[in-house]
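To start, the structure itself, in structure tokens.
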Amino acid sequence: MKGLRSIYIKVVCALFTISTLVVVAGAPEGWP
Amino acid sequence: MILAFAVVAGVVVALARGGSLKRLADLSIRLAWLALLCLLVQLYVIYCPEDQLETQRTTQGILMVLSYGALGYVVWANRRITGMTVILLGVVLNLVVMAANGGFMPVSREAIIATGTRIAQGLPAEGSRLSRSKDVLLPPEHARVWFLGDVIMAPSLPVPKVLSLGDLVVALGAFVLLQAAMVPSRKGHPVEEGGELPERS
């Protein structure tokens, strides 16, 4: 259970970081 | 939102191709804190009060260019991850056009009206910044390297947007990154999940 929670947290962190990279790098009109 | 769509689509397609979120958990991104700091800087600039859009323009333009430079460094530091070099190309394309136009992305009045998200009467004068965006209103003939600006009309996801070439390249890079990170390579790695060696064809 603890391992599952750890993987879940890591997945959320990875997706958050990738989304942050994309949102900061992009500049479409009418942000975000 | 259209850029976040690239991330969602990347995850869905990777899962459909047999990828797993567990593999994504193994992805280690260096200097993630710096990317988050860049996001905070850009949020400050983008959501600046309307009466400060012009008075703070120079400072905020410099902040935008610095945030892109710092983000470029983050992506460069992670270039070993497949897809990051594509994202870096997109960052550089956006950085070039924004730095050439005072730190903001040039967009034409016609392009914004075509999206239908803002009405013509509500738009500021040419050369002014647009609220809640990284954009500056400039006709192509007055914008430097205008072809790298927001000139590409994107479909409604959920509302139409105008994108730059750099935006498209960044979205493509994120998609490639997610495929590489989530879908097992056909060549296989020395040790796959469960410790079994992959079959070689």
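Numbering starts fresh at 1 for the residues of each chain in the structure tokens, the chains themselves are lettered A, B, ... in the order given, and ligands are numbered from 1 as they appear.
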
_Near-Gly3 in chain A list (12 Å; only C-alpha atoms; drop same-chain fewer than 5 positions) as a list in words_ = Tyr8, Ile9 and Lys10 of chain A; Lys22 and Ala25 of chain B

*Find the residues in chain A near chain B: any atom within 7 Å counts, using only C-alpha atoms. Write them as an NGL selection string.*
:A and (7 or 10-11 or 14 or 17 or 19-32)

Produce a file of the selected residues containing C-alpha atoms, as a short mmCIF file (atom, residue, chain, number, x, y, z; two decimals), in the first residue's frame.
```cif
data_model
loop_
_atom_site.label_atom_id
_atom_site.label_comp_id
_atom_site.auth_asym_id
_atom_site.auth_seq_id
_atom_site.Cartn_x
_atom_site.Cartn_y
_atom_site.Cartn_z
CA ILE A 7 4.26 5.44 -7.16
CA LYS A 10 5.77 10.10 -8.27
CA VAL A 11 3.37 9.85 -11.25
CA ALA A 14 6.06 13.77 -13.11
CA THR A 17 6.38 18.85 -13.91
CA SER A 19 2.60 20.13 -17.61
CA THR A 20 4.53 22.98 -15.99
CA LEU A 21 7.26 22.73 -18.63
CA VAL A 22 4.69 22.79 -21.43
CA VAL A 23 2.65 25.66 -20.00
CA VAL A 24 5.71 27.80 -19.26
CA ALA A 25 7.32 27.05 -22.64
CA GLY A 26 4.19 27.73 -24.68
CA ALA A 27 2.59 31.09 -25.33
CA PRO A 28 -0.84 30.73 -26.96
CA GLU A 29 -3.07 33.81 -26.98
CA GLY A 30 -5.37 33.91 -23.95
CA TRP A 31 -3.35 32.09 -21.34
CA PRO A 32 -3.33 29.31 -20.24
#
```

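We find CA of Gly103 in chain B and CA of Trp76 in chain B to be spaced 21.0 Å apart.
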
*Write down as JSON, numbers by chain the residues belonging to range 39-144 of chain B that are assigned alpha helix (DSSP H) by DSSP computed on the backbone.*
{"B": [39, 40, 41, 42, 43, 44, 45, 46, 57, 58, 59, 60, 61, 62, 63, 64, 65, 66, 67, 68, 69, 70, 71, 72, 73, 74, 75, 76, 77, 84, 85, 86, 87, 88, 89, 90, 91, 92, 93, 94, 95, 96, 97, 98, 99, 100, 109, 110, 111, 112, 113, 114, 115]}

*Quote the spacing between CA of Arg30 in chain B and CA of Val96 in chain B in Å to one decimal place.*
24.1 Å
